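Here's run_13.pdb, which has PDB, C-alpha atoms:
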ATOM      1  CA  MET A 141      52.212 176.597 125.585
ATOM      2  CA  LYS A 142      53.476 174.634 128.537
ATOM      3  CA  ASN A 143      52.489 171.325 126.882
ATOM      4  CA  LYS A 144      54.443 172.192 123.765
ATOM      5  CA  GLY A 145      57.571 172.764 125.863
ATOM      6  CA  VAL A 146      57.210 169.388 127.568
ATOM      7  CA  LEU A 147      56.698 167.618 124.228
ATOM      8  CA  ALA A 148      59.760 169.288 122.766
ATOM      9  CA  ALA A 149      61.817 168.179 125.771
ATOM     10  CA  ILE A 150      60.610 164.593 125.400
ATOM     11  CA  ILE A 151      61.539 164.576 121.701
ATOM     12  CA  ILE A 152      65.008 165.926 122.478
ATOM     13  CA  VAL A 153      65.591 163.326 125.194
ATOM     14  CA  ALA A 154      64.383 160.512 122.926
ATOM     15  CA  THR A 155      66.641 161.697 120.122
ATOM     16  CA  LEU A 156      69.610 161.806 122.493
ATOM     17  CA  LEU A 157      68.845 158.280 123.714
ATOM     18  CA  VAL A 158      68.719 156.964 120.117
ATOM     19  CA  ILE A 159      71.998 158.665 119.282
ATOM     20  CA  PHE A 160      73.577 157.286 122.461
ATOM     21  CA  GLY A 161      72.331 153.783 121.667
ATOM     22  CA  MET A 162      73.717 153.912 118.142
ATOM     23  CA  PHE A 163      77.041 155.122 119.511
ATOM     24  CA  LYS A 164      77.188 152.175 121.924
ATOM     25  CA  LEU A 165      76.389 149.705 119.143
ATOM     26  CA  TRP A 166      79.108 151.226 116.976
ATOM     27  CA  ASN A 167      81.661 150.832 119.802
ATOM     28  CA  VAL A 168      80.594 147.216 120.359
ATOM     29  CA  GLY A 169      81.069 146.498 116.656
ATOM     30  CA  ILE A 170      84.562 147.996 116.667
ATOM     31  CA  GLU A 171      85.498 146.027 119.787
ATOM     32  CA  TYR A 172      84.206 142.781 118.235
ATOM     33  CA  ARG A 173      86.231 143.314 115.069
ATOM     34  CA  ASN A 174      89.348 144.102 117.079
ATOM     35  CA  ASN A 175      88.937 140.936 119.137
ATOM     36  CA  ALA A 176      88.434 138.904 116.000
ATOM     37  CA  SER A 177      91.564 140.329 114.410
ATOM     38  CA  MET A 178      93.584 139.667 117.588
ATOM     39  CA  ASN A 179      92.308 136.180 118.333
ATOM     40  CA  ASP A 180      91.119 134.551 115.120
ATOM     41  CA  VAL A 181      93.921 135.462 112.744
ATOM     42  CA  PRO A 182      96.804 134.100 114.848
ATOM     43  CA  LEU A 183      94.853 130.905 115.440
ATOM     44  CA  GLU A 184      94.358 130.428 111.726
ATOM     45  CA  ARG A 185      98.034 131.061 111.079
ATOM     46  CA  GLY A 186      98.920 128.700 113.879
ATOM     47  CA  ASP A 187      96.743 126.016 112.322
ATOM     48  CA  ALA A 188      98.412 126.590 108.961
ATOM     49  CA  GLU A 189     101.872 126.389 110.504
ATOM     50  CA  GLU A 190     100.951 123.193 112.306
ATOM     51  CA  SER A 191      99.595 121.765 109.061
ATOM     52  CA  ASP A 192     102.852 122.575 107.258
ATOM     53  CA  GLU A 193     104.845 120.917 110.036
ATOM     54  CA  GLU A 194     102.669 117.827 109.831
ATOM     55  CA  LYS A 195     103.166 117.669 106.061
ATOM     56  CA  GLU A 196     106.927 118.033 106.451
ATOM     57  CA  THR A 197     107.004 115.278 109.081
ATOM     58  CA  GLU A 198     104.897 113.014 106.873
ATOM     59  CA  GLU A 199     107.184 113.630 103.880
ATOM     60  CA  LYS A 200     110.245 112.785 105.981
ATOM     61  CA  GLU A 201     108.622 109.548 107.158
ATOM     62  CA  ASN A 202     107.668 108.618 103.595
ATOM     63  CA  ASN A 203     111.183 109.358 102.354
ATOM     64  CA  LYS A 204     112.609 107.263 105.172
ATOM     65  CA  GLU A 205     110.345 104.333 104.267
ATOM     66  CA  GLU A 206     111.283 104.615 100.584
ATOM     67  CA  THR A 207     114.990 104.738 101.428
ATOM     68  CA  GLU A 208     114.690 101.691 103.688
ATOM     69  CA  ALA A 209     112.812  99.834 100.945
ATOM     70  CA  GLU A 210     115.507 100.711  98.379
ATOM     71  CA  VAL A 211     118.278  99.601 100.731
ATOM     72  CA  LYS A 212     116.427  96.353 101.390
ATOM     73  CA  GLU A 213     115.963  95.782  97.666
ATOM     74  CA  ASP A 214     119.643  96.530  96.939
ATOM     75  CA  THR A 215     120.690  94.200  99.755
ATOM     76  CA  ALA A 216     118.466  91.441  98.384
ATOM     77  CA  SER A 217     119.909  91.925  94.894
ATOM     78  CA  SER A 218     123.428  91.781  96.287
ATOM     79  CA  GLU A 219     122.636  88.600  98.185
ATOM     80  CA  GLU A 220     121.105  87.031  95.070
ATOM     81  CA  VAL A 221     124.175  87.887  93.005
ATOM     82  CA  THR A 222     126.390  86.306  95.647
ATOM     83  CA  GLU A 223     124.272  83.147  95.549
ATOM     84  CA  LEU A 224     124.484  83.092  91.751
ATOM     85  CA  GLU A 225     128.255  83.416  91.893
ATOM     86  CA  LYS A 226     128.363  80.495  94.317
ATOM     87  CA  ALA A 227     126.189  78.387  92.015
ATOM     88  CA  LEU A 228     128.439  79.161  89.037
ATOM     89  CA  ALA A 229     131.543  78.355  91.090
ATOM     90  CA  ASN A 230     130.079  74.947  91.951
ATOM     91  CA  ILE A 231     129.767  73.866  88.312
ATOM     92  CA  SER A 232     132.235  71.080  87.670
ATOM     93  CA  GLU A 233     135.044  71.566  85.154
ATOM     94  CA  SER A 234     133.671  68.738  83.036
ATOM     95  CA  GLU A 235     130.526  70.813  82.450
ATOM     96  CA  LEU A 236     132.478  73.936  81.459
ATOM     97  CA  THR A 237     133.133  72.870  77.897
ATOM     98  CA  THR A 238     131.406  73.833  74.685
ATOM     99  CA  GLY A 239     132.658  71.023  72.442
ATOM    100  CA  LEU A 240     133.844  73.658  69.943
ATOM    101  CA  ASP A 241     137.269  73.953  68.343
ATOM    102  CA  LYS A 242     138.981  76.071  65.705
ATOM    103  CA  GLY A 243     137.348  74.059  62.945
ATOM    104  CA  SER A 244     133.787  74.534  64.222
ATOM    105  CA  THR A 245     131.237  75.976  61.797
ATOM    106  CA  GLU A 246     129.168  79.089  62.331
ATOM    107  CA  TYR A 247     126.063  76.967  62.797
ATOM    108  CA  GLN A 248     127.772  74.902  65.507
ATOM    109  CA  VAL A 249     128.814  78.073  67.339
ATOM    110  CA  ILE A 250     125.285  79.465  67.122
ATOM    111  CA  THR A 251     123.932  76.176  68.483
ATOM    112  CA  VAL A 252     126.238  76.434  71.496
ATOM    113  CA  MET A 253     125.383  80.092  72.153
ATOM    114  CA  HIS A 254     121.700  79.222  71.807
ATOM    115  CA  LYS A 255     122.036  76.542  74.485
ATOM    116  CA  MET A 256     123.963  78.938  76.730
ATOM    117  CA  THR A 257     121.083  81.450  76.713
ATOM    118  CA  HIS A 258     118.734  78.809  78.173
ATOM    119  CA  GLN A 259     120.239  79.540  81.584
ATOM    120  CA  LYS A 260     119.010  83.138  81.353
ATOM    121  CA  ILE A 261     115.609  83.052  79.704
ATOM    122  CA  ILE A 262     112.002  81.944  80.184
ATOM    123  CA  ALA A 263     110.663  79.714  77.431
ATOM    124  CA  GLU A 264     108.030  77.022  77.039
ATOM    125  CA  LYS A 265     110.607  74.486  75.832
ATOM    126  CA  LYS A 266     114.403  74.345  76.046
ATOM    127  CA  TRP A 267     116.497  71.741  74.272
ATOM    128  CA  GLY A 268     120.092  71.427  75.459
ATOM    129  CA  ASN A 269     122.009  73.357  78.108
ATOM    130  CA  ILE A 270     125.529  74.723  78.257
ATOM    131  CA  PRO A 271     126.587  76.871  81.225
ATOM    132  CA  MET A 272     126.617  80.625  80.731
ATOM    133  CA  HIS A 273     129.953  80.917  82.480
ATOM    134  CA  GLU A 274     133.058  83.068  82.145
ATOM    135  CA  LYS A 275     135.056  80.134  80.784
ATOM    136  CA  THR A 276     132.497  79.058  78.172
ATOM    137  CA  ILE A 277     131.990  82.657  77.057
ATOM    138  CA  GLU A 278     135.723  83.145  76.588
ATOM    139  CA  GLU A 279     135.997  79.866  74.685
ATOM    140  CA  VAL A 280     133.255  80.846  72.240
ATOM    141  CA  ALA A 281     134.589  84.403  71.874
ATOM    142  CA  SER A 282     138.055  83.125  70.981
ATOM    143  CA  ILE A 283     136.650  80.976  68.175
ATOM    144  CA  VAL A 284     134.412  83.733  66.769
ATOM    145  CA  GLU A 285     137.205  86.335  66.879
ATOM    146  CA  ASN A 286     139.417  84.104  64.735
ATOM    147  CA  SER A 287     136.681  83.139  62.290
ATOM    148  CA  ASP A 288     135.375  84.460  58.997
ATOM    149  CA  PHE A 289     131.722  83.770  59.816
ATOM    150  CA  ASP A 290     129.053  85.690  57.938
ATOM    151  CA  ARG A 291     127.475  86.724  61.236
ATOM    152  CA  LYS A 292     130.794  87.385  63.001
ATOM    153  CA  SER A 293     129.938  91.001  63.814
ATOM    154  CA  ASP A 294     126.564  90.102  65.374
ATOM    155  CA  LEU A 295     128.040  87.248  67.382
ATOM    156  CA  LEU A 296     130.907  89.383  68.696
ATOM    157  CA  THR A 297     128.480  92.122  69.759
ATOM    158  CA  ILE A 298     126.470  89.603  71.763
ATOM    159  CA  LEU A 299     129.628  88.092  73.257
ATOM    160  CA  GLU A 300     130.915  91.529  74.324
ATOM    161  CA  TYR A 301     127.784  91.990  76.425
ATOM    162  CA  TRP A 302     128.209  88.555  77.931
ATOM    163  CA  LYS A 303     131.876  89.166  78.724
ATOM    164  CA  ALA A 304     130.794  92.338  80.554
ATOM    165  CA  ASN A 305     128.313  90.247  82.570
ATOM    166  CA  ASP A 306     125.427  92.090  80.922
ATOM    167  CA  PHE A 307     122.626  89.653  80.113
ATOM    168  CA  SER A 308     119.844  92.202  79.842
ATOM    169  CA  HIS A 309     119.533  91.313  76.131
ATOM    170  CA  ALA A 310     119.516  87.552  76.659
ATOM    171  CA  LYS A 311     115.883  87.219  75.565
ATOM    172  CA  ALA A 312     116.638  88.932  72.236
ATOM    173  CA  ASP A 313     119.889  86.968  71.900
ATOM    174  CA  HIS A 314     118.071  83.667  72.363
ATOM    175  CA  ASN A 315     115.372  84.548  69.843
ATOM    176  CA  TYR A 316     118.033  85.658  67.333
ATOM    177  CA  PHE A 317     119.617  82.193  67.466
ATOM    178  CA  TRP A 318     116.212  80.501  67.656
ATOM    179  CA  LYS A 319     115.062  82.258  64.470
ATOM    180  CA  ILE A 320     118.252  81.392  62.574
ATOM    181  CA  GLN A 321     117.668  77.760  63.492
ATOM    182  CA  ASN A 322     114.043  77.966  62.315
ATOM    183  CA  GLY A 323     112.565  77.548  65.790
ATOM    184  CA  THR A 324     108.824  77.009  66.043
ATOM    185  CA  VAL A 325     108.460  76.163  69.735
ATOM    186  CA  GLY A 326     110.386  77.570  72.659
ATOM    187  CA  LYS A 327     110.609  81.271  71.840
ATOM    188  CA  ALA A 328     111.929  83.249  74.825
ATOM    189  CA  THR A 329     109.282  85.315  76.588
ATOM    190  CA  GLY A 330     111.362  86.905  79.343
ATOM    191  CA  LEU A 331     114.398  86.734  81.602
ATOM    192  CA  LEU A 332     114.671  84.278  84.475
ATOM    193  CA  PRO A 333     114.697  85.817  87.963
ATOM    194  CA  VAL A 334     118.030  85.238  89.707
ATOM    195  CA  GLU A 335     116.629  82.650  92.102
ATOM    196  CA  GLU A 336     115.209  80.644  89.186
ATOM    197  CA  GLU A 337     118.503  80.868  87.312
ATOM    198  CA  ILE A 338     120.260  79.445  90.374
ATOM    199  CA  GLU A 339     117.747  76.610  90.450
ATOM    200  CA  PHE A 340     118.312  76.013  86.720
ATOM    201  CA  ILE A 341     122.087  75.765  87.275
ATOM    202  CA  GLU A 342     121.712  73.365  90.207
ATOM    203  CA  ASN A 343     119.297  71.142  88.261
ATOM    204  CA  ASN A 344     121.247  71.002  85.005
ATOM    205  CA  PHE A 345     124.976  71.258  85.703
TER     206      PHE A 345
END

Have the structure of the file written as structure tokens, please.
Amino acid sequence: MKNKGVLAAIIIVATLLVIFGMFKLWNVGIEYRNNASMNDVPLERGDAEESDEEKETEEKENNKEETEAEVKEDTASSEEVTELEKALANISESELTTGLDKGSTEYQVITVMHKMTHQKIIAEKKWGNIPMHEKTIEEVASIVENSDFDRKSDLLTILEYWKANDFSHAKADHNYFWKIQNGTVGKATGLLPVEEEIEFIENNF
């Protein structure tokens, strides 16, 4: 009877110890999760915030580099235009003539305009050069305006671009004249860069 009482007491104590141990483990788990929520989450957010700041800084630096590159490119273009203007200004008056007059034929006018485009285009061969200059453009325009040429409308359209200092269509203009004159060699393949146009002017006029 006495032994049964001792055994029962041992079982009760063991059960209490197990329950106490489980309780301690449960508290440790709660404490661990609390620490993780207090320490880990802010760190992760901090890392994210730092990452966003780094991205913003990088974007600003990239934008700054792009802006500087654009400014440099615009400055270079401006300098090139100034050099081109100087080259055109240095052409002698004797060169600034087309040889046309009021009695010139449409074919003669087209020949002159064809030669004028050589200053602006890239081609394997070029025969004849007349300056693409404000004075020569005005001279040709005056003759075409007072003509009854079959291609008067086309020629005036081209001349309007030239008078506006727009030579972005010079390749097409050249090939238009070249085709009318049955060209086989020397078709324009592109526009001359400004520095090459300046060199062309200095070498030919």

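Here the question is which of A:Leu236, A:His254, A:Ile231, A:Ala281 gets nearest to Gly268 (chain A) using only C-alpha atoms, and that residue is A:His254.
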
Assuming the chain letters and numbering stay as they are in my file, what does the PyMOL selection byres ((chain A and resi 318) around 12) actually select? List them as a PDB file with C-alpha atoms, in the coordinates of the input.
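Output below, filename expr.pdb:
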ATOM      1  CA  TYR A 247     126.063  76.967  62.797  1.00  0.00           C
ATOM      2  CA  ILE A 250     125.285  79.465  67.122  1.00  0.00           C
ATOM      3  CA  THR A 251     123.932  76.176  68.483  1.00  0.00           C
ATOM      4  CA  VAL A 252     126.238  76.434  71.496  1.00  0.00           C
ATOM      5  CA  MET A 253     125.383  80.092  72.153  1.00  0.00           C
ATOM      6  CA  HIS A 254     121.700  79.222  71.807  1.00  0.00           C
ATOM      7  CA  LYS A 255     122.036  76.542  74.485  1.00  0.00           C
ATOM      8  CA  THR A 257     121.083  81.450  76.713  1.00  0.00           C
ATOM      9  CA  HIS A 258     118.734  78.809  78.173  1.00  0.00           C
ATOM     10  CA  ALA A 263     110.663  79.714  77.431  1.00  0.00           C
ATOM     11  CA  LYS A 265     110.607  74.486  75.832  1.00  0.00           C
ATOM     12  CA  LYS A 266     114.403  74.345  76.046  1.00  0.00           C
ATOM     13  CA  TRP A 267     116.497  71.741  74.272  1.00  0.00           C
ATOM     14  CA  ALA A 310     119.516  87.552  76.659  1.00  0.00           C
ATOM     15  CA  LYS A 311     115.883  87.219  75.565  1.00  0.00           C
ATOM     16  CA  ALA A 312     116.638  88.932  72.236  1.00  0.00           C
ATOM     17  CA  ASP A 313     119.889  86.968  71.900  1.00  0.00           C
ATOM     18  CA  HIS A 314     118.071  83.667  72.363  1.00  0.00           C
ATOM     19  CA  ASN A 315     115.372  84.548  69.843  1.00  0.00           C
ATOM     20  CA  TYR A 316     118.033  85.658  67.333  1.00  0.00           C
ATOM     21  CA  PHE A 317     119.617  82.193  67.466  1.00  0.00           C
ATOM     22  CA  LYS A 319     115.062  82.258  64.470  1.00  0.00           C
ATOM     23  CA  ILE A 320     118.252  81.392  62.574  1.00  0.00           C
ATOM     24  CA  GLN A 321     117.668  77.760  63.492  1.00  0.00           C
ATOM     25  CA  ASN A 322     114.043  77.966  62.315  1.00  0.00           C
ATOM     26  CA  GLY A 323     112.565  77.548  65.790  1.00  0.00           C
ATOM     27  CA  THR A 324     108.824  77.009  66.043  1.00  0.00           C
ATOM     28  CA  VAL A 325     108.460  76.163  69.735  1.00  0.00           C
ATOM     29  CA  GLY A 326     110.386  77.570  72.659  1.00  0.00           C
ATOM     30  CA  LYS A 327     110.609  81.271  71.840  1.00  0.00           C
ATOM     31  CA  ALA A 328     111.929  83.249  74.825  1.00  0.00           C
TER      32      ALA A 328
END

Write out as a compact mmCIF listing (two decimals) with C-alpha atoms, in the frame of the given file each polymer residue whose atoms come within 9 Å of region 297-306 of chain A, counting all atoms listed in the file; drop sequence neighbours fewer than 5 positions from it.
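File written: result_14.txt
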# COMPACT_ATOMS: atom_id res chain seq x y z
CA MET A 272 126.62 80.62 80.73
CA GLU A 274 133.06 83.07 82.14
CA ILE A 277 131.99 82.66 77.06
CA GLU A 278 135.72 83.14 76.59
CA VAL A 280 133.26 80.85 72.24
CA ALA A 281 134.59 84.40 71.87
CA LYS A 292 130.79 87.38 63.00
CA ASP A 313 119.89 86.97 71.90

Among the residues A:Thr245, A:Glu339, A:Ser232, A:Met256, the one that comes closest to Asn269 (chain A) [using only C-alpha atoms]: A:Met256

Within 12 Å of Glu336 (chain A) using only C-alpha atoms, minus same-chain residues under 2 positions, as a ChimeraX atom specification: /A:220,223-224,227,258-262,331-334,338-343

A:Lys226, A:His309, A:Arg291, A:His273: which is nearest Val249 (chain A), counting all atoms listed in the file?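 That would be A:Arg291, the residue with the smallest distance to Val249 (chain A).
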
Figure out the distance between CA of Leu295 (chain A) and CA of Leu240 (chain A), please, to one decimal in Å. 15.0 Å

Please determine, counting all atoms listed in the file, which residue among A:Thr329, A:Phe345, A:Thr155, A:Ser218 has the shortest atom-to-atom distance to Glu233 (chain A).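 Among the listed residues, the smallest separation from Glu233 (chain A) belongs to A:Phe345.
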
Taking the file above as input, evaluate the PyMOL selection byres ((chain A and resi 241) around 12) and report the hits as a PDB file with C-alpha atoms, in the coordinates of the input.
ATOM      1  CA  THR A 237     133.133  72.870  77.897  1.00  0.00           C
ATOM      2  CA  THR A 238     131.406  73.833  74.685  1.00  0.00           C
ATOM      3  CA  GLY A 239     132.658  71.023  72.442  1.00  0.00           C
ATOM      4  CA  LEU A 240     133.844  73.658  69.943  1.00  0.00           C
ATOM      5  CA  LYS A 242     138.981  76.071  65.705  1.00  0.00           C
ATOM      6  CA  GLY A 243     137.348  74.059  62.945  1.00  0.00           C
ATOM      7  CA  SER A 244     133.787  74.534  64.222  1.00  0.00           C
ATOM      8  CA  THR A 245     131.237  75.976  61.797  1.00  0.00           C
ATOM      9  CA  GLU A 246     129.168  79.089  62.331  1.00  0.00           C
ATOM     10  CA  GLN A 248     127.772  74.902  65.507  1.00  0.00           C
ATOM     11  CA  VAL A 249     128.814  78.073  67.339  1.00  0.00           C
ATOM     12  CA  VAL A 252     126.238  76.434  71.496  1.00  0.00           C
ATOM     13  CA  GLU A 279     135.997  79.866  74.685  1.00  0.00           C
ATOM     14  CA  VAL A 280     133.255  80.846  72.240  1.00  0.00           C
ATOM     15  CA  ALA A 281     134.589  84.403  71.874  1.00  0.00           C
ATOM     16  CA  SER A 282     138.055  83.125  70.981  1.00  0.00           C
ATOM     17  CA  ILE A 283     136.650  80.976  68.175  1.00  0.00           C
ATOM     18  CA  VAL A 284     134.412  83.733  66.769  1.00  0.00           C
ATOM     19  CA  ASN A 286     139.417  84.104  64.735  1.00  0.00           C
ATOM     20  CA  SER A 287     136.681  83.139  62.290  1.00  0.00           C
TER      21      SER A 287
END

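CA of Ser217 (chain A) to CA of Glu235 (chain A) spans 26.7 Å [interatomic distance, one decimal].
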
Could you state the separation of CA of Ser308 (chain A) and CA of Gly330 (chain A) in Å, given to one decimal place?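 Here the two named atoms are 10.0 Å from each other.
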